[in-house]
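Coordinates as given in work_2.tsv (TSV, C-alpha atoms):
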```
chain	number	residue	atom	x	y	z
A	25	MET	CA	104.24	73.08	110.25
A	26	THR	CA	102.68	70.77	107.66
A	27	TYR	CA	99.70	71.11	105.37
A	28	SER	CA	97.68	68.29	103.92
A	29	ALA	CA	94.31	69.67	102.82
A	30	ALA	CA	93.73	72.31	100.16
A	31	PRO	CA	91.79	75.37	101.37
A	32	GLN	CA	88.20	75.97	100.36
A	33	ALA	CA	87.34	78.67	97.83
A	34	GLY	CA	84.78	80.07	100.25
A	35	ASP	CA	87.59	81.17	102.58
A	36	PHE	CA	88.10	84.24	100.36
A	37	ASP	CA	85.94	87.21	99.39
A	38	SER	CA	87.38	89.03	96.39
A	39	GLU	CA	84.55	91.57	96.49
A	40	LYS	CA	85.85	92.77	99.86
A	41	GLY	CA	89.44	92.91	98.63
A	42	TRP	CA	90.55	89.44	99.73
A	43	PRO	CA	91.13	87.32	96.62
A	44	SER	CA	92.50	83.79	96.72
A	45	ALA	CA	95.97	83.66	98.24
A	46	VAL	CA	97.46	81.84	95.26
A	47	GLU	CA	97.51	82.25	91.50
A	48	ILE	CA	97.82	78.80	89.93
A	49	VAL	CA	99.29	78.52	86.44
A	50	ASN	CA	99.31	75.33	84.36
A	51	GLU	CA	98.44	73.08	87.30
A	52	GLN	CA	98.42	69.94	85.14
A	53	GLY	CA	101.81	70.66	83.55
A	54	ALA	CA	103.80	67.54	82.62
A	55	SER	CA	107.24	68.78	83.76
A	56	ASP	CA	108.97	67.25	86.76
A	57	ILE	CA	109.59	70.82	87.93
A	58	VAL	CA	107.15	72.68	90.19
A	59	LEU	CA	107.61	76.46	90.25
A	60	LEU	CA	106.90	78.77	93.17
A	61	CYS	CA	106.95	82.57	93.21
A	62	GLU	CA	106.11	83.70	96.71
A	63	HIS	CA	106.79	87.42	96.16
A	64	ALA	CA	104.89	87.80	92.90
A	65	SER	CA	102.55	90.62	93.96
A	66	ALA	CA	102.57	94.00	95.70
A	67	TYR	CA	98.82	93.85	96.39
A	68	VAL	CA	97.51	95.12	99.74
A	69	PRO	CA	93.76	95.16	100.51
A	70	GLU	CA	92.32	98.68	100.62
A	71	GLU	CA	91.47	98.39	104.32
A	72	TYR	CA	95.21	98.53	105.15
A	73	GLY	CA	95.73	101.92	103.50
A	74	ARG	CA	98.89	100.66	101.79
A	75	LEU	CA	100.31	100.02	105.29
A	76	GLY	CA	101.05	103.74	105.52
A	77	LEU	CA	103.25	103.73	102.41
A	78	SER	CA	102.94	105.61	99.14
A	79	GLU	CA	102.03	103.68	96.01
A	80	ALA	CA	105.57	104.15	94.73
A	81	GLU	CA	107.09	102.77	97.93
A	82	LEU	CA	104.78	99.77	97.90
A	83	HIS	CA	105.90	98.91	94.37
A	84	ARG	CA	109.58	99.04	95.21
A	85	HIS	CA	111.45	95.83	95.98
A	86	ILE	CA	110.34	96.02	99.60
A	87	GLY	CA	106.78	95.21	98.51
A	88	TRP	CA	107.45	92.41	96.03
A	89	ASP	CA	110.08	90.83	93.77
A	90	ILE	CA	110.02	92.95	90.64
A	91	GLY	CA	109.95	90.85	87.47
A	92	ALA	CA	109.77	87.48	89.26
A	93	ALA	CA	106.11	86.83	88.42
A	94	ALA	CA	106.63	87.43	84.71
A	95	VAL	CA	109.67	85.14	84.64
A	96	THR	CA	107.71	82.45	86.47
A	97	ARG	CA	104.72	82.58	84.11
A	98	HIS	CA	106.98	82.36	81.06
A	99	LEU	CA	108.89	79.46	82.64
A	100	ALA	CA	105.64	77.62	83.31
A	101	THR	CA	104.88	77.79	79.59
A	102	LEU	CA	108.38	76.96	78.37
A	103	LEU	CA	108.78	73.96	80.69
A	104	ASP	CA	105.12	72.91	80.77
A	105	ALA	CA	105.42	73.21	84.54
A	106	PRO	CA	102.84	74.02	87.21
A	107	ALA	CA	103.43	77.31	89.02
A	108	PHE	CA	102.07	78.77	92.25
A	109	LEU	CA	102.33	82.54	92.66
A	110	GLY	CA	101.58	84.59	95.76
A	111	THR	CA	98.91	87.27	95.33
A	112	TYR	CA	99.64	89.60	98.28
A	113	SER	CA	102.54	91.86	99.18
A	114	ARG	CA	105.18	90.27	101.34
A	115	LEU	CA	104.84	93.29	103.65
A	116	LEU	CA	101.53	91.88	104.89
A	117	ILE	CA	103.15	88.54	105.64
A	118	ASP	CA	106.12	86.96	103.91
A	119	LEU	CA	105.34	83.62	102.29
A	120	ASN	CA	109.00	82.61	102.45
A	121	ARG	CA	109.54	83.20	106.18
A	122	PRO	CA	108.50	80.98	109.11
A	123	PRO	CA	105.37	82.62	110.58
A	124	GLU	CA	106.29	82.03	114.21
A	125	VAL	CA	104.79	84.19	116.94
A	126	SER	CA	106.49	84.93	120.24
A	127	GLU	CA	104.86	84.56	123.65
A	128	ASN	CA	103.94	88.26	123.81
A	129	GLY	CA	102.16	88.08	120.45
A	130	ALA	CA	104.81	89.92	118.46
A	131	ASP	CA	105.48	88.62	114.98
A	132	VAL	CA	108.86	87.46	113.75
A	133	PRO	CA	110.44	90.65	112.28
A	134	THR	CA	111.14	89.12	108.87
A	135	SER	CA	107.67	87.58	108.63
A	136	ILE	CA	105.79	90.86	109.15
A	137	PRO	CA	108.51	93.52	109.05
A	138	VAL	CA	108.23	96.90	110.75
A	139	ARG	CA	111.21	98.07	108.68
A	140	SER	CA	112.44	96.92	105.28
A	141	GLU	CA	115.82	98.13	104.08
A	142	ARG	CA	115.64	101.81	105.13
A	143	THR	CA	111.86	102.12	105.00
A	144	ASP	CA	109.61	101.99	108.06
A	145	ILE	CA	106.31	100.13	107.59
A	146	PRO	CA	103.81	102.04	109.79
A	147	GLY	CA	100.97	99.58	109.22
A	148	ASN	CA	102.98	96.76	110.78
A	149	VAL	CA	103.98	98.56	113.98
A	150	GLY	CA	102.35	97.32	117.15
A	151	ILE	CA	99.84	94.99	115.51
A	152	SER	CA	98.03	92.54	117.72
A	153	ALA	CA	98.42	88.79	117.88
A	154	GLU	CA	94.91	88.60	116.39
A	155	GLU	CA	96.02	90.62	113.37
A	156	VAL	CA	99.09	88.44	112.93
A	157	ALA	CA	96.84	85.36	113.01
A	158	ARG	CA	94.39	86.97	110.56
A	159	ARG	CA	97.10	87.53	107.97
A	160	GLN	CA	98.48	84.06	108.45
A	161	THR	CA	95.03	82.48	108.12
A	162	ARG	CA	94.05	84.47	105.05
A	163	ILE	CA	97.35	84.57	103.17
A	164	PHE	CA	100.13	82.32	104.44
A	165	ASP	CA	98.25	79.14	105.35
A	166	PRO	CA	96.11	78.90	102.19
A	167	TYR	CA	99.06	79.50	99.85
A	168	HIS	CA	101.15	76.78	101.43
A	169	ALA	CA	98.18	74.45	101.67
A	170	TYR	CA	97.70	74.68	97.89
A	171	VAL	CA	101.40	74.00	97.30
A	172	ALA	CA	101.48	71.11	99.78
A	173	SER	CA	98.33	69.56	98.33
A	174	HIS	CA	99.82	69.65	94.83
A	175	LEU	CA	103.12	68.14	95.94
A	176	ASP	CA	101.31	65.43	97.92
A	177	LYS	CA	99.51	64.38	94.73
A	178	ARG	CA	102.89	63.99	92.98
A	179	ARG	CA	104.41	61.56	95.49
A	180	ASP	CA	104.77	58.86	92.86
A	181	ARG	CA	106.36	61.24	90.32
A	182	LYS	CA	109.85	62.65	90.09
A	183	THR	CA	109.60	66.24	91.26
A	184	ARG	CA	112.07	69.10	91.54
A	185	LEU	CA	111.13	72.33	93.30
A	186	VAL	CA	112.29	75.68	91.93
A	187	THR	CA	111.39	79.02	93.48
A	188	ILE	CA	111.85	82.27	91.56
A	189	HIS	CA	112.90	85.55	93.19
A	190	SER	CA	114.60	88.82	92.25
A	191	PHE	CA	117.09	91.03	94.06
A	192	THR	CA	118.15	94.67	93.95
A	193	PRO	CA	121.33	95.82	92.15
A	194	VAL	CA	122.28	97.78	95.30
A	195	TYR	CA	121.42	96.91	98.89
A	196	LEU	CA	122.10	99.47	101.63
A	197	ASP	CA	124.78	101.14	99.47
A	198	ASP	CA	126.48	97.85	98.61
A	199	ALA	CA	126.57	97.13	94.87
A	200	ARG	CA	125.83	93.55	93.87
A	201	PRO	CA	127.87	92.36	90.88
A	202	TRP	CA	125.86	89.23	90.11
A	203	HIS	CA	123.25	88.87	87.39
A	204	CYS	CA	121.83	85.71	88.92
A	205	GLY	CA	122.27	83.54	91.98
A	206	VAL	CA	121.34	79.91	92.57
A	207	LEU	CA	120.60	79.23	96.23
A	208	PHE	CA	120.61	75.74	97.69
A	209	ASN	CA	121.13	73.81	100.89
A	210	LYS	CA	121.03	70.03	100.45
A	211	SER	CA	120.53	69.92	96.66
A	212	ARG	CA	124.13	70.56	95.71
A	213	ALA	CA	124.20	68.37	92.58
A	214	PHE	CA	121.03	69.91	91.15
A	215	ALA	CA	122.29	73.42	91.86
A	216	LYS	CA	125.69	72.69	90.29
A	217	ARG	CA	124.00	71.51	87.07
A	218	VAL	CA	121.95	74.71	86.86
A	219	LEU	CA	124.99	76.85	87.63
A	220	SER	CA	127.04	75.00	85.04
A	221	VAL	CA	124.63	75.74	82.21
A	222	LEU	CA	124.19	79.38	83.24
A	223	GLY	CA	127.95	79.69	83.49
A	224	GLU	CA	128.34	78.82	79.81
A	225	GLU	CA	127.46	82.43	78.99
A	226	ASP	CA	130.67	84.38	79.44
A	227	SER	CA	128.82	87.67	79.84
A	228	LEU	CA	126.88	86.45	82.89
A	229	VAL	CA	128.07	86.83	86.45
A	230	VAL	CA	126.44	83.93	88.27
A	231	GLY	CA	127.08	82.77	91.82
A	232	ALA	CA	126.19	79.99	94.22
A	233	ASN	CA	124.27	81.09	97.32
A	234	VAL	CA	124.36	84.78	96.42
A	235	PRO	CA	123.14	87.32	97.34
A	236	TYR	CA	121.54	85.22	100.10
A	237	THR	CA	121.74	81.73	101.56
A	238	ILE	CA	119.07	79.18	102.47
A	239	THR	CA	118.51	78.59	106.19
A	240	GLU	CA	115.73	76.89	108.10
A	241	ASP	CA	115.32	79.96	110.32
A	242	ALA	CA	114.93	82.49	107.50
A	243	ASP	CA	113.43	80.48	104.62
A	244	TYR	CA	110.30	78.42	104.24
A	245	ALA	CA	109.63	76.91	100.80
A	246	ILE	CA	112.92	75.09	100.26
A	247	PRO	CA	113.21	73.56	103.77
A	248	ILE	CA	109.50	72.74	104.22
A	249	HIS	CA	108.14	71.92	100.77
A	250	GLY	CA	111.39	70.71	99.21
A	251	GLU	CA	113.93	69.23	101.59
A	252	ALA	CA	111.40	67.83	104.06
A	253	ARG	CA	109.99	65.80	101.15
A	254	GLY	CA	113.41	64.76	99.90
A	255	LEU	CA	113.02	66.80	96.70
A	256	ASP	CA	115.81	68.46	94.74
A	257	SER	CA	115.16	72.13	95.49
A	258	VAL	CA	116.77	75.42	94.49
A	259	LEU	CA	115.90	79.09	94.77
A	260	ILE	CA	116.85	81.22	91.78
A	261	GLU	CA	117.50	84.94	92.23
A	262	VAL	CA	117.67	87.24	89.18
A	263	ARG	CA	118.71	90.87	89.48
A	264	GLN	CA	115.53	92.87	89.12
A	265	ASP	CA	116.84	95.50	86.69
A	266	LEU	CA	117.43	92.64	84.22
A	267	ILE	CA	113.78	91.47	84.27
A	268	SER	CA	111.85	94.70	84.83
A	269	ASP	CA	109.97	94.54	81.51
A	270	GLU	CA	108.12	91.76	79.72
A	271	GLN	CA	110.71	91.21	77.00
A	272	SER	CA	113.66	90.88	79.38
A	273	ALA	CA	111.60	88.63	81.66
A	274	ARG	CA	110.87	86.37	78.69
A	275	GLU	CA	114.56	86.26	77.72
A	276	TRP	CA	115.59	85.29	81.24
A	277	ALA	CA	112.87	82.66	81.37
A	278	GLN	CA	114.32	81.13	78.20
A	279	ARG	CA	117.79	81.16	79.76
A	280	LEU	CA	116.54	79.53	82.96
A	281	ALA	CA	114.44	76.99	81.06
A	282	LYS	CA	117.57	75.80	79.26
A	283	ALA	CA	119.42	75.44	82.58
A	284	LEU	CA	116.55	73.65	84.32
A	285	ARG	CA	115.98	71.15	81.52
```

Produce structure tokens that represent the structure in this file.
Amino acid sequence: MTYSAAPQAGDFDSEKGWPSAVEIVNEQGASDIVLLCEHASAYVPEEYGRLGLSEAELHRHIGWDIGAAAVTRHLATLLDAPAFLGTYSRLLIDLNRPPEVSENGADVPTSIPVRSERTDIPGNVGISAEEVARRQTRIFDPYHAYVASHLDKRRDRKTRLVTIHSFTPVYLDDARPWHCGVLFNKSRAFAKRVLSVLGEEDSLVVGANVPYTITEDADYAIPIHGEARGLDSVLIEVRQDLISDEQSAREWAQRLAKALR
């Protein structure tokens, strides 16, 4: 799927609980880096009743990437880079998953999950093809249209794409020893430079392609916005307990800014 035109502001009605699908920070930034943060928000419109979850459940990692938005905003300032942040919970529709729909109308499980980790998502069970399309039209398509439009305008400029995420210290009882991971597919040299700088801190446990890997089937931003355009592209994962407050998010942004420069 490709996007060429930016969406119109009139597509959204914030008074009815549907704000713009993207928060844009420092759009005219001079850096060659463009920042994305697809899982920046746990927001769910009131009409969905929190998808059947409690407020506490919605604000766990299943609903968003804790700390990632704060790191991204600080990075945008430190690097003078444009940043595009998602404004809805990934439980409504995941901005970093291909939004394919099967012949019977069922959504791809990782795009609109009915279960995340050990938590069932009642509001996503048995939804219609029309509801899948509604979420894609209101959230997924506009976000990626904004990103694509911005990248299209930079065709004559050097551009590197960096997406910011966070991960849990423990996943399904498995402890994760890393403080940070740099995920990449084709951009090995770029990733190695970032890893090299981060690795200069002896106290940090940093890994390549941990705790996840980039694949075309399970990822969207890096394959579609980055690699399809021939851009150096990496996804940076920071352990969420290390960026859960504003001060620690700022410190990690400073660390990442040094590596990305």

Against region 83-90 of chain A, which residues of region 116-200 of chain A fall within 12 Å? For each one I want the closest pair of atoms and the distance in Å (one decimal), counting all atoms listed in the file, rows by chain and increasing residue number, as a Markdown table.
```
| residue | atom | partner | partner_atom | distance |
| --- | --- | --- | --- | --- |
| A:Leu116 | CA | A:Gly87 | CA | 8.9 |
| A:Ile117 | CA | A:Gly87 | CA | 10.4 |
| A:Asp118 | CA | A:Trp88 | CA | 9.7 |
| A:Leu119 | CA | A:Trp88 | CA | 11.0 |
| A:Asn120 | CA | A:Trp88 | CA | 11.8 |
| A:Thr134 | CA | A:Ile86 | CA | 11.6 |
| A:Ile136 | CA | A:Gly87 | CA | 11.5 |
| A:Pro137 | CA | A:Ile86 | CA | 9.9 |
| A:Val138 | CA | A:Ile86 | CA | 11.4 |
| A:Arg139 | CA | A:Ile86 | CA | 9.3 |
| A:Ser140 | CA | A:Ile86 | CA | 6.1 |
| A:Glu141 | CA | A:Ile86 | CA | 7.4 |
| A:Arg142 | CA | A:Ile86 | CA | 9.6 |
| A:Thr143 | CA | A:Ile86 | CA | 8.3 |
| A:Asp144 | CA | A:Ile86 | CA | 10.4 |
| A:Ile145 | CA | A:Ile86 | CA | 9.8 |
| A:Thr187 | CA | A:Asp89 | CA | 11.9 |
| A:Ile188 | CA | A:Asp89 | CA | 9.0 |
| A:His189 | CA | A:Asp89 | CA | 6.0 |
| A:Ser190 | CA | A:Asp89 | CA | 5.2 |
| A:Phe191 | CA | A:Asp89 | CA | 7.0 |
| A:Thr192 | CA | A:His85 | CA | 7.1 |
| A:Pro193 | CA | A:His85 | CA | 10.6 |
| A:Val194 | CA | A:His85 | CA | 11.0 |
| A:Tyr195 | CA | A:His85 | CA | 10.4 |
```

Write out the residues from the selection above, keeping C-alpha atoms, as a CSV table (one decimal), in the coordinates of the input.
```
chain,number,residue,atom,x,y,z
A,116,LEU,CA,101.5,91.9,104.9
A,117,ILE,CA,103.2,88.5,105.6
A,118,ASP,CA,106.1,87.0,103.9
A,119,LEU,CA,105.3,83.6,102.3
A,120,ASN,CA,109.0,82.6,102.4
A,134,THR,CA,111.1,89.1,108.9
A,136,ILE,CA,105.8,90.9,109.2
A,137,PRO,CA,108.5,93.5,109.0
A,138,VAL,CA,108.2,96.9,110.8
A,139,ARG,CA,111.2,98.1,108.7
A,140,SER,CA,112.4,96.9,105.3
A,141,GLU,CA,115.8,98.1,104.1
A,142,ARG,CA,115.6,101.8,105.1
A,143,THR,CA,111.9,102.1,105.0
A,144,ASP,CA,109.6,102.0,108.1
A,145,ILE,CA,106.3,100.1,107.6
A,187,THR,CA,111.4,79.0,93.5
A,188,ILE,CA,111.8,82.3,91.6
A,189,HIS,CA,112.9,85.6,93.2
A,190,SER,CA,114.6,88.8,92.2
A,191,PHE,CA,117.1,91.0,94.1
A,192,THR,CA,118.2,94.7,94.0
A,193,PRO,CA,121.3,95.8,92.2
A,194,VAL,CA,122.3,97.8,95.3
A,195,TYR,CA,121.4,96.9,98.9
```

Checklist entry - Any idea what's packed within 7 Å of region 230-243 of chain A, counting only C-alpha atoms, ignoring anything in its chain fewer than 4 positions away? Could you give it as a list in words? => result Asn120, Arg121, Pro122, Trp202, His203, Cys204, Gly205, Val206, Leu207, Phe208, Asn209, Gly223 and Pro247 of chain A

Would you put the residues from that selection into a file with C-alpha atoms, as an mmCIF file, in the frame of the given file?
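Final output, result.cif:
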```
data_model
loop_
_atom_site.group_PDB
_atom_site.id
_atom_site.type_symbol
_atom_site.label_atom_id
_atom_site.label_comp_id
_atom_site.auth_asym_id
_atom_site.auth_seq_id
_atom_site.Cartn_x
_atom_site.Cartn_y
_atom_site.Cartn_z
ATOM 1 C CA ASN A 120 109.000 82.610 102.450
ATOM 2 C CA ARG A 121 109.540 83.200 106.180
ATOM 3 C CA PRO A 122 108.500 80.980 109.110
ATOM 4 C CA TRP A 202 125.860 89.230 90.110
ATOM 5 C CA HIS A 203 123.250 88.870 87.390
ATOM 6 C CA CYS A 204 121.830 85.710 88.920
ATOM 7 C CA GLY A 205 122.270 83.540 91.980
ATOM 8 C CA VAL A 206 121.340 79.910 92.570
ATOM 9 C CA LEU A 207 120.600 79.230 96.230
ATOM 10 C CA PHE A 208 120.610 75.740 97.690
ATOM 11 C CA ASN A 209 121.130 73.810 100.890
ATOM 12 C CA GLY A 223 127.950 79.690 83.490
ATOM 13 C CA PRO A 247 113.210 73.560 103.770
#
```

Next on the checklist: Here is a test: counting only C-alpha atoms, which residue of A:Lys282, A:His168, A:Lys182, A:Arg159 is nearest to Ser135 (chain A)?
Outcome noted: A:Arg159

Item to check | Gap from CA of Ser55 (chain A) to CA of Leu175 (chain A) - Å, one decimal | outcome: 12.9 Å

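Surrounding residues of (102.3, 105.3, 105.9) at most 9 Å away are A:Gly73, A:Arg74, A:Leu75, A:Gly76, A:Leu77, A:Ser78, A:Asp144, A:Ile145, A:Pro146, A:Gly147 (based on all atoms listed in the file).
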
Next on the checklist: Please determine, counting all atoms listed in the file, which residue among A:Thr96, A:Asn148, A:Ser44, A:Ser65 has the shortest atom-to-atom distance to Ile260 (chain A).
Outcome noted: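 Comparing A:Thr96, A:Asn148, A:Ser44, A:Ser65 against Ile260 (chain A), the winner is A:Thr96.
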
Next on the checklist: Please list, as a VMD selection string, the residues that have an atom at most 12 Å away from (114.3, 85.6, 78.2) in the coordinates of this file, counting all atoms listed in the file.
Outcome noted: chain A and resid 91 94 to 99 102 262 266 to 282

Next on the checklist: Restricting the calculation to all atoms listed in the file: of A:Ala80, A:Leu115, A:Ala169, A:Ala66, which residue gets closest to Val149 (chain A)?
Outcome noted: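 Of all the options, A:Leu115 lies closest to Val149 (chain A).
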
Checklist entry - Of the residues A:Pro43, A:Asp256, A:Arg114, A:His249, which is the one nearest to Ser173 (chain A), using only C-alpha atoms? => result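 Closest candidate: A:His249.
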
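Considering the residues A:Leu222, A:Pro201, A:Tyr112, A:Ala105 and counting all atoms listed in the file, Gln160 (chain A) has its shortest atom-to-atom contact with A:Tyr112.
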
Checklist entry - Contacts of Asn50 (chain A) at 9 Å or less, counting only C-alpha atoms, minus same-chain residues fewer than 2 places along, as a list in words? => result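 After dropping sequence-adjacent residues, the list is Ile48, Gln52, Gly53, Ala100, Thr101, Asp104, Ala105, Pro106 and Ala107 of chain A.
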
Pull C-alpha atoms from the residues just selected and write them as a short mmCIF file (atom, residue, chain, number, x, y, z; two decimals), in the coordinates of the input.
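Written file, out_28.cif:
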```cif
data_model
loop_
_atom_site.label_atom_id
_atom_site.label_comp_id
_atom_site.auth_asym_id
_atom_site.auth_seq_id
_atom_site.Cartn_x
_atom_site.Cartn_y
_atom_site.Cartn_z
CA ILE A 48 97.82 78.80 89.93
CA GLN A 52 98.42 69.94 85.14
CA GLY A 53 101.81 70.66 83.55
CA ALA A 100 105.64 77.62 83.31
CA THR A 101 104.88 77.79 79.59
CA ASP A 104 105.12 72.91 80.77
CA ALA A 105 105.42 73.21 84.54
CA PRO A 106 102.84 74.02 87.21
CA ALA A 107 103.43 77.31 89.02
#
```

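For the atom pair formed by CA of Leu109 (chain A) and CA of Asp165 (chain A), the distance is 13.8 Å, given to one decimal.
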
Item to check | Coordinates-based distance that separates CA of Ala92 (chain A) from CA of Lys40 (chain A) (Å, one decimal) | outcome: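 Answer for the CA of Lys40 (chain A) to CA of Ala92 (chain A) separation: 26.7 Å.
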
Checklist entry - Using only C-alpha atoms, which of the listed residues (A:Glu62, A:Glu51, A:Arg200, A:Val218) sits closest to Asp265 (chain A)? => result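 Ranking A:Glu62, A:Glu51, A:Arg200, A:Val218 by distance to Asp265 (chain A), first place goes to A:Arg200.
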
Around region 261-273 of chain A, fit a box with edges along x, y and z, padding it by 4 Å on each side, then list its centre and edge lengths in Å to one decimal as AutoDock Vina command-line options.
```
--center_x 113.4 --center_y 90.2 --center_z 84.6 --size_x 18.6 --size_y 18.6 --size_z 23.2
```
